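Accompanying notes for the structure given below.
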Protein chains: 2
Amino acid sequence: MKKIYLDHVATNPLHPEVLDAMLPYFKEHYGNPLSIYEPGMKAREAIENARESAAALINAKPKEIIFTASGAESNNFALKGIAYAGQGKGKHIIVSRIEHHSILNTARFLEKAGFAVTYLPVDKNGAVNPVDVDKAITKETILISIIHASPEIGTIEPVAEIGQIARENGIIFHTDAVSSVGNIPVDVQSLNADLLSFAAHQFYGPKGAAALYVKEGIRIVPLIYGGIQEGGRRAGTENVPAIVGMGKAAELAKRDMQKRIDHISPLRDKLIGNALKTDKVLLTGHPEKRLPNHASFVVEYIEGEAMLLLLAAKGIYSASGSACSSKALKASPVLISIGVPAHLAQGSVVFTLGEETTEDDINYFNETFPQIISRLREISPYAKGWEGMEGSACTAQK
Amino acid sequence: MKKIYLDHVATNPLHPEVLDAMLPYFKEHYGNPLSIYEPGMKAREAIENARESAAALINAKPKEIIFTASGAESNNFALKGIAYAGQGKGKHIIVSRIEHHSILNTARFLEKAGFAVTYLPVDKNGAVNPVDVDKAITKETILISIIHASPEIGTIEPVAEIGQIARENGIIFHTDAVSSVGNIPVDVQSLNADLLSFAAHQFYGPKGAAALYVKEGIRIVPLIYGGIQEGGRRAGTENVPAIVGMGKAAELAKRDMQKRIDHISPLRDKLIGNALKTDKVLLTGHPEKRLPNHASFVVEYIEGEAMLLLLAAKGIYSASGSACSSKALKASPVLISIGVPAHLAQGSVVFTLGEETTEDDINYFNETFPQIISRLREISPYAKGWEGMEGSACTAQK
């Protein structure tokens, strides 16, 4: 059976060159980078090389890169670190309603700790309006954090404009760029970003390696205290092989980005074009300003999880934006925020392509997906209407 | 030239079987463990198997294991997570003066956040007196955190007694067991531990994988918010290969622990016996109750860093307990806490053996070490007395 991986937004296969780059740091260069003998020095040198590559990918300086272990850690670090560092100045933070859980749940934690948080709405395409950001700013605002691109609906936010507004108001601006860095050009200078989160496994690097860009001169309180790693800003023995892998993946992403986009984007368009021919299948997110590998839909009368299972049975691996499929069993806040009714949000599916996706794969997908929709609608009690929804397998577990 | 790695407390070489276990999770099973298709399910299954092995190593239940990315993260998580969860009950925490920086610096952060922290003294061997713990308890005390074994002086603390006192007083007890788990038997039940930190790279597992044991029923506030990984208690896409490696390393450690101790311990004794024959070389830490692979000394009239460099030139890789060698350029708080004068603390060296250390290695070491001490004393201005110390390369950079 064909196996077609269309869930690159969840994670990516490791690039073989990346694994090759990592292996020596599992074997001969296993030393602790803080030590002053050879195996340790080799490790330290490798970390600094990786820092240069990671910085180059986003047009930052190497010393502005703090390695972490995940995008979630970077996001937690950014929000809490800037909140604690700036609380003497003010205690108001602005985020959007379509942030990742690692931003939203951290914001809720900070609310409990005495901070005020504004959650900005988005339009039907999932875009934040910079005017809304401007209006939300108060004298107490110390941080604005807006996602660069949504992993769930693919929309790319007007981050440069928002960064500009933040800068004019002397407010620190963070963007969660986990889904975009390595996949589209990201430049911290032109985005006016003071902090930016990114993760290696989103661009064919390893899990367990991520980074937070912190613009030179900005003070941040550590999330993880301890030793003097990462300039005293993030403690813990460095995960050397993973950091090396992140550096290599960053290097490859910078080199191959345009080639990858030119390959993936037409295939993605073909997938979207075909899917929308099926009755009551709607594209979610922005029709143009979206990640080039990203296609997301809501399919009426069907639950996302059922689609995923049948697709998987046909060798097509994909995700549902509905949190039901990821076990949280609630309608996706992102889809609700763009005005998708709760029952329809259950019918969410997300397909994200990668550099190894072929024309053949998409042809096979385009043949299979409408068949699965038809089959599910035949057996779905909801195809006649949404009245019975509450008793569904998904909602019953709430 | 011979290469002898005697810094196993800093990190360990990866066991070849561990790397073999990890490799498939870089290659075929690369899926996100939250996904419902095959590559993801394989990853999830592997994580749960690793959780069983990690739990078995410390006699815990699998669901009591939360995977993290480092011992430092586990320690930060334990302290902040219990402090925030328990602050309604009280705001007093007890730690010792010889905790790792990831505990001490987190404790200082919590002091700024309004918690009161007692830093308990230790005796000349570095041991905490359980009576002191008992005396320090107030009605406000919500957490006691005492290190299981010091990586700097090797002393094993009377953790079971301290845990018992905590339990009798209804106070949560955490122990930082990063240096001990995998190297000596550690049983959370007999230690009366409610929380316990450990890290894979301390027992031939990979960097980037660690865990926090949290006894069933204990509420902890997350350090990293986001998705529903680790039961909602630690977000971030799981570092699957590293977690798999931790599981394998735990399995090997459990199986081979006694064999490793029986091999290492006599070699370590031989090293200590020989070193102490040299004039003005003193053992630091407890003479008996210490990690079986651990030898630590202060050498009068010499700086640790100079010894490390000359040892490294002879192919012997070791560490200095003095923070000078690890670039923080202050006398080690651990050595100060056991009563070593600041000038003498600069002459600290730590040798930690591993399963691959041979009798030949130790013979070579025993020959080399006294020669290096003699040579350094010949050229040292301090050999005549400590008066000139302030101008030394190390202290000059303070």
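The chains in the structure tokens are called A, B, ... from first to last as shown; in each chain the residues are counted from 1, and the ligands are counted from 1 in the order shown.
Neighbouring residues of Asn49 in chain B at 9 Å or closer, counting only C-alpha atoms and skipping chain neighbours under 6 positions away, are Pro62, Val244 and Gly247 of chain B.
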Restrict the selected residues to N, CA and C atoms and save them as a CSV table (one decimal), in the first residue's frame.
chain,number,residue,atom,x,y,z
B,62,PRO,N,4.4,3.7,36.1
B,62,PRO,CA,4.6,4.4,34.8
B,62,PRO,C,3.9,5.8,34.8
B,244,VAL,N,13.1,7.2,24.0
B,244,VAL,CA,13.3,5.8,23.8
B,244,VAL,C,14.7,5.4,24.3
B,247,GLY,N,14.6,5.1,28.0
B,247,GLY,CA,14.0,3.8,28.4
B,247,GLY,C,15.1,2.7,28.3
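Non-sequential neighbours of His15 in chain B (distance at most 9 Å, separation of 3 or more positions within a chain, only C-alpha atoms) are Lys27 of chain A; Asn12, Val18, Leu19, Asp20, Phe203, Tyr204, Gly205, Pro206 and Ala249 of chain B.
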For the residues in that selection, give me all heavy atoms as a PDB file, in the first residue's frame.
ATOM      1  N   LYS A  27      28.414   9.650  19.326  1.00  0.00           N
ATOM      2  CA  LYS A  27      29.511   8.701  19.474  1.00  0.00           C
ATOM      3  C   LYS A  27      30.772   9.383  20.016  1.00  0.00           C
ATOM      4  O   LYS A  27      30.903   9.593  21.213  1.00  0.00           O
ATOM      5  CB  LYS A  27      29.758   7.996  18.135  1.00  0.00           C
ATOM      6  CG  LYS A  27      28.573   7.098  17.742  1.00  0.00           C
ATOM      7  CD  LYS A  27      28.749   6.554  16.328  1.00  0.00           C
ATOM      8  CE  LYS A  27      27.645   5.576  15.969  1.00  0.00           C
ATOM      9  NZ  LYS A  27      27.726   5.150  14.566  1.00  0.00           N
TER      10      LYS A  27
ATOM     11  N   ASN B  12      27.854  11.111  30.232  1.00  0.00           N
ATOM     12  CA  ASN B  12      28.361   9.777  29.915  1.00  0.00           C
ATOM     13  C   ASN B  12      28.374   9.546  28.415  1.00  0.00           C
ATOM     14  O   ASN B  12      27.518  10.084  27.710  1.00  0.00           O
ATOM     15  CB  ASN B  12      27.429   8.725  30.537  1.00  0.00           C
ATOM     16  CG  ASN B  12      27.735   8.493  31.996  1.00  0.00           C
ATOM     17  OD1 ASN B  12      28.382   7.541  32.346  1.00  0.00           O
ATOM     18  ND2 ASN B  12      27.272   9.408  32.829  1.00  0.00           N
ATOM     19  N   VAL B  18      21.942   1.684  23.283  1.00  0.00           N
ATOM     20  CA  VAL B  18      20.966   2.772  23.412  1.00  0.00           C
ATOM     21  C   VAL B  18      20.801   3.478  22.064  1.00  0.00           C
ATOM     22  O   VAL B  18      19.679   3.721  21.612  1.00  0.00           O
ATOM     23  CB  VAL B  18      21.409   3.767  24.511  1.00  0.00           C
ATOM     24  CG1 VAL B  18      20.535   5.010  24.511  1.00  0.00           C
ATOM     25  CG2 VAL B  18      21.369   3.091  25.881  1.00  0.00           C
ATOM     26  N   LEU B  19      21.914   3.758  21.414  1.00  0.00           N
ATOM     27  CA  LEU B  19      21.834   4.404  20.095  1.00  0.00           C
ATOM     28  C   LEU B  19      21.078   3.505  19.106  1.00  0.00           C
ATOM     29  O   LEU B  19      20.222   3.993  18.354  1.00  0.00           O
ATOM     30  CB  LEU B  19      23.240   4.739  19.574  1.00  0.00           C
ATOM     31  CG  LEU B  19      23.283   5.469  18.233  1.00  0.00           C
ATOM     32  CD1 LEU B  19      22.473   6.762  18.249  1.00  0.00           C
ATOM     33  CD2 LEU B  19      24.728   5.779  17.818  1.00  0.00           C
ATOM     34  N   ASP B  20      21.356   2.218  19.150  1.00  0.00           N
ATOM     35  CA  ASP B  20      20.636   1.286  18.261  1.00  0.00           C
ATOM     36  C   ASP B  20      19.124   1.338  18.497  1.00  0.00           C
ATOM     37  O   ASP B  20      18.338   1.267  17.558  1.00  0.00           O
ATOM     38  CB  ASP B  20      21.124  -0.157  18.477  1.00  0.00           C
ATOM     39  CG  ASP B  20      22.522  -0.375  17.908  1.00  0.00           C
ATOM     40  OD1 ASP B  20      22.984   0.477  17.127  1.00  0.00           O
ATOM     41  OD2 ASP B  20      23.151  -1.398  18.258  1.00  0.00           O
ATOM     42  N   PHE B 203      23.350   7.929  32.980  1.00  0.00           N
ATOM     43  CA  PHE B 203      23.522   6.469  32.993  1.00  0.00           C
ATOM     44  C   PHE B 203      23.555   5.911  31.566  1.00  0.00           C
ATOM     45  O   PHE B 203      22.827   4.999  31.224  1.00  0.00           O
ATOM     46  CB  PHE B 203      22.493   5.766  33.892  1.00  0.00           C
ATOM     47  CG  PHE B 203      21.041   6.152  33.711  1.00  0.00           C
ATOM     48  CD1 PHE B 203      20.230   5.453  32.838  1.00  0.00           C
ATOM     49  CD2 PHE B 203      20.482   7.218  34.421  1.00  0.00           C
ATOM     50  CE1 PHE B 203      18.886   5.771  32.696  1.00  0.00           C
ATOM     51  CE2 PHE B 203      19.133   7.553  34.276  1.00  0.00           C
ATOM     52  CZ  PHE B 203      18.344   6.832  33.405  1.00  0.00           C
ATOM     53  N   TYR B 204      24.390   6.522  30.741  1.00  0.00           N
ATOM     54  CA  TYR B 204      24.667   6.043  29.379  1.00  0.00           C
ATOM     55  C   TYR B 204      23.478   6.202  28.433  1.00  0.00           C
ATOM     56  O   TYR B 204      23.429   5.579  27.380  1.00  0.00           O
ATOM     57  CB  TYR B 204      25.173   4.590  29.396  1.00  0.00           C
ATOM     58  CG  TYR B 204      26.359   4.412  30.306  1.00  0.00           C
ATOM     59  CD1 TYR B 204      26.212   3.876  31.581  1.00  0.00           C
ATOM     60  CD2 TYR B 204      27.615   4.840  29.895  1.00  0.00           C
ATOM     61  CE1 TYR B 204      27.298   3.762  32.437  1.00  0.00           C
ATOM     62  CE2 TYR B 204      28.709   4.719  30.738  1.00  0.00           C
ATOM     63  CZ  TYR B 204      28.544   4.175  32.010  1.00  0.00           C
ATOM     64  OH  TYR B 204      29.613   4.066  32.840  1.00  0.00           O
ATOM     65  N   GLY B 205      22.541   7.033  28.822  1.00  0.00           N
ATOM     66  CA  GLY B 205      21.442   7.404  27.932  1.00  0.00           C
ATOM     67  C   GLY B 205      21.776   8.719  27.239  1.00  0.00           C
ATOM     68  O   GLY B 205      22.839   9.303  27.464  1.00  0.00           O
ATOM     69  N   PRO B 206      20.838   9.197  26.397  1.00  0.00           N
ATOM     70  CA  PRO B 206      21.109  10.406  25.632  1.00  0.00           C
ATOM     71  C   PRO B 206      20.907  11.688  26.437  1.00  0.00           C
ATOM     72  O   PRO B 206      20.158  11.713  27.407  1.00  0.00           O
ATOM     73  CB  PRO B 206      20.055  10.338  24.526  1.00  0.00           C
ATOM     74  CG  PRO B 206      18.926   9.572  25.135  1.00  0.00           C
ATOM     75  CD  PRO B 206      19.551   8.572  26.067  1.00  0.00           C
ATOM     76  N   ALA B 249      18.339   2.884  28.263  1.00  0.00           N
ATOM     77  CA  ALA B 249      19.418   3.093  29.236  1.00  0.00           C
ATOM     78  C   ALA B 249      18.965   2.689  30.636  1.00  0.00           C
ATOM     79  O   ALA B 249      19.748   2.133  31.422  1.00  0.00           O
ATOM     80  CB  ALA B 249      19.877   4.545  29.212  1.00  0.00           C
TER      81      ALA B 249
END
Could you write out, as number ranges by chain, all the residues of range 49-237 of chain B that DSSP marks as strand (DSSP E)?
-> B: 65-68, 92-96, 116-120, 141-145, 172-176, 195-199, 210-214
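Considering the residues B:Tyr317, B:Val299, B:Ile264, B:Ala306 and counting only C-alpha atoms, Gly40 in chain A has its shortest atom-to-atom contact with B:Tyr317.
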For chain B, work out the contacting residues on chain A at 8 Å, counting only C-alpha atoms, and write them as a ChimeraX atom specification.
-> /A:10-14,19,26-27,30-32,34-38,69-73,76,100-106,206-208,223-228,235-240,308-309,312,317-319,325-326,328
Store the residues of this selection in a file with N, CA and C atoms, as a short mmCIF file (atom, residue, chain, number, x, y, z; two decimals), in the first residue's frame.
data_model
loop_
_atom_site.label_atom_id
_atom_site.label_comp_id
_atom_site.auth_asym_id
_atom_site.auth_seq_id
_atom_site.Cartn_x
_atom_site.Cartn_y
_atom_site.Cartn_z
N ALA A 10 2.54 18.62 11.85
CA ALA A 10 2.66 17.95 13.15
C ALA A 10 4.12 17.67 13.47
N THR A 11 4.81 17.12 12.48
CA THR A 11 6.26 16.93 12.59
C THR A 11 6.75 16.49 11.22
N ASN A 12 8.05 16.53 11.03
CA ASN A 12 8.63 16.18 9.74
C ASN A 12 9.54 14.98 9.88
N PRO A 13 9.65 14.17 8.82
CA PRO A 13 10.70 13.15 8.86
C PRO A 13 12.06 13.85 8.93
N LEU A 14 13.00 13.20 9.59
CA LEU A 14 14.34 13.76 9.71
C LEU A 14 15.05 13.65 8.35
N LEU A 19 20.58 13.59 10.12
CA LEU A 19 20.97 12.47 10.98
C LEU A 19 22.48 12.20 10.87
N PHE A 26 26.69 11.70 19.04
CA PHE A 26 26.27 10.61 19.93
C PHE A 26 27.47 9.74 20.28
N LYS A 27 28.41 9.65 19.33
CA LYS A 27 29.51 8.70 19.47
C LYS A 27 30.77 9.38 20.02
N TYR A 30 31.02 13.08 22.66
CA TYR A 30 29.92 12.97 23.62
C TYR A 30 30.10 13.88 24.83
N GLY A 31 31.20 14.60 24.89
CA GLY A 31 31.53 15.35 26.11
C GLY A 31 30.52 16.43 26.45
N ASN A 32 30.58 16.86 27.71
CA ASN A 32 29.76 17.97 28.16
C ASN A 32 30.37 19.27 27.63
N LEU A 34 30.50 22.14 28.57
CA LEU A 34 31.10 23.04 29.54
C LEU A 34 32.52 22.63 29.90
N SER A 35 32.92 21.43 29.53
CA SER A 35 34.23 20.94 29.97
C SER A 35 35.34 21.48 29.08
N ILE A 36 36.57 21.38 29.59
CA ILE A 36 37.66 22.06 28.90
C ILE A 36 38.57 21.10 28.14
N TYR A 37 38.17 19.83 28.05
CA TYR A 37 38.97 18.86 27.30
C TYR A 37 38.33 18.60 25.94
N GLU A 38 39.05 17.83 25.12
CA GLU A 38 38.68 17.72 23.71
C GLU A 38 37.24 17.30 23.40
N ALA A 69 14.24 23.17 24.11
CA ALA A 69 13.95 21.79 23.72
C ALA A 69 12.68 21.64 22.89
N SER A 70 11.88 22.69 22.77
CA SER A 70 10.66 22.60 21.96
C SER A 70 10.10 23.98 21.68
N GLY A 71 9.26 24.06 20.67
CA GLY A 71 8.55 25.31 20.40
C GLY A 71 7.72 25.73 21.60
N ALA A 72 7.11 24.75 22.25
CA ALA A 72 6.31 25.06 23.45
C ALA A 72 7.18 25.70 24.53
N GLU A 73 8.38 25.16 24.73
CA GLU A 73 9.27 25.77 25.72
C GLU A 73 9.62 27.20 25.32
N ASN A 76 6.62 29.43 26.10
CA ASN A 76 6.48 29.64 27.54
C ASN A 76 7.55 30.59 28.07
N HIS A 100 -1.24 29.37 19.47
CA HIS A 100 -1.05 27.97 19.86
C HIS A 100 -1.34 27.82 21.37
N HIS A 101 -1.73 26.61 21.77
CA HIS A 101 -2.01 26.35 23.20
C HIS A 101 -0.85 26.74 24.11
N SER A 102 0.37 26.64 23.59
CA SER A 102 1.52 26.97 24.45
C SER A 102 1.58 28.47 24.75
N ILE A 103 0.93 29.28 23.92
CA ILE A 103 0.78 30.71 24.22
C ILE A 103 -0.48 30.93 25.05
N LEU A 104 -1.60 30.38 24.59
CA LEU A 104 -2.88 30.64 25.28
C LEU A 104 -2.85 30.14 26.72
N ASN A 105 -2.34 28.95 26.94
CA ASN A 105 -2.34 28.40 28.30
C ASN A 105 -1.33 29.11 29.19
N THR A 106 -0.24 29.58 28.61
CA THR A 106 0.71 30.38 29.40
C THR A 106 0.09 31.72 29.76
N PRO A 206 15.62 17.57 14.00
CA PRO A 206 15.18 16.62 15.03
C PRO A 206 14.16 17.21 16.00
N LYS A 207 13.37 16.36 16.60
CA LYS A 207 12.59 16.75 17.78
C LYS A 207 13.58 17.02 18.91
N GLY A 208 13.17 17.84 19.85
CA GLY A 208 14.03 18.10 21.00
C GLY A 208 14.99 19.26 20.82
N LEU A 223 13.37 30.65 32.21
CA LEU A 223 12.32 29.69 32.56
C LEU A 223 12.96 28.53 33.32
N ILE A 224 14.18 28.16 32.89
CA ILE A 224 14.90 27.05 33.51
C ILE A 224 16.22 27.58 34.08
N TYR A 225 16.27 27.66 35.40
CA TYR A 225 17.46 28.13 36.11
C TYR A 225 18.45 26.99 36.34
N GLY A 226 19.73 27.34 36.50
CA GLY A 226 20.72 26.33 36.82
C GLY A 226 22.10 26.81 36.43
N GLY A 227 22.75 26.05 35.57
CA GLY A 227 24.11 26.35 35.14
C GLY A 227 24.17 27.53 34.19
N ILE A 228 25.37 27.70 33.62
CA ILE A 228 25.63 28.90 32.83
C ILE A 228 25.46 28.66 31.33
N ALA A 235 19.27 26.95 31.41
CA ALA A 235 20.16 25.94 32.00
C ALA A 235 19.82 24.54 31.51
N GLY A 236 20.73 23.63 31.83
CA GLY A 236 20.55 22.22 31.47
C GLY A 236 21.64 21.81 30.49
N THR A 237 22.20 20.61 30.70
CA THR A 237 23.21 20.09 29.78
C THR A 237 22.64 20.13 28.36
N GLU A 238 23.38 20.73 27.46
CA GLU A 238 22.89 20.89 26.10
C GLU A 238 22.67 19.55 25.42
N ASN A 239 21.58 19.45 24.68
CA ASN A 239 21.30 18.27 23.87
C ASN A 239 22.09 18.42 22.57
N VAL A 240 23.39 18.12 22.67
CA VAL A 240 24.31 18.45 21.59
C VAL A 240 23.89 17.86 20.23
N LEU A 308 -9.88 10.86 9.25
CA LEU A 308 -8.48 10.50 9.47
C LEU A 308 -8.28 8.99 9.48
N LEU A 309 -9.21 8.30 10.13
CA LEU A 309 -9.06 6.84 10.25
C LEU A 309 -9.19 6.17 8.89
N ALA A 312 -6.16 7.01 6.83
CA ALA A 312 -5.01 6.22 7.29
C ALA A 312 -5.10 4.79 6.78
N TYR A 317 -1.70 9.84 5.73
CA TYR A 317 -1.56 10.25 7.12
C TYR A 317 -1.79 11.75 7.23
N SER A 318 -2.81 12.14 7.97
CA SER A 318 -3.16 13.56 8.06
C SER A 318 -3.68 13.87 9.46
N ALA A 319 -4.11 15.12 9.67
CA ALA A 319 -4.53 15.55 11.00
C ALA A 319 -5.88 16.22 10.93
N SER A 325 -9.67 14.95 17.61
CA SER A 325 -8.70 13.96 17.14
C SER A 325 -7.44 13.95 17.99
N SER A 326 -7.14 15.08 18.58
CA SER A 326 -5.95 15.10 19.43
C SER A 326 -6.34 14.90 20.89
N ALA A 328 -8.40 16.08 23.08
CA ALA A 328 -8.86 17.05 24.07
C ALA A 328 -10.38 17.15 24.05
#
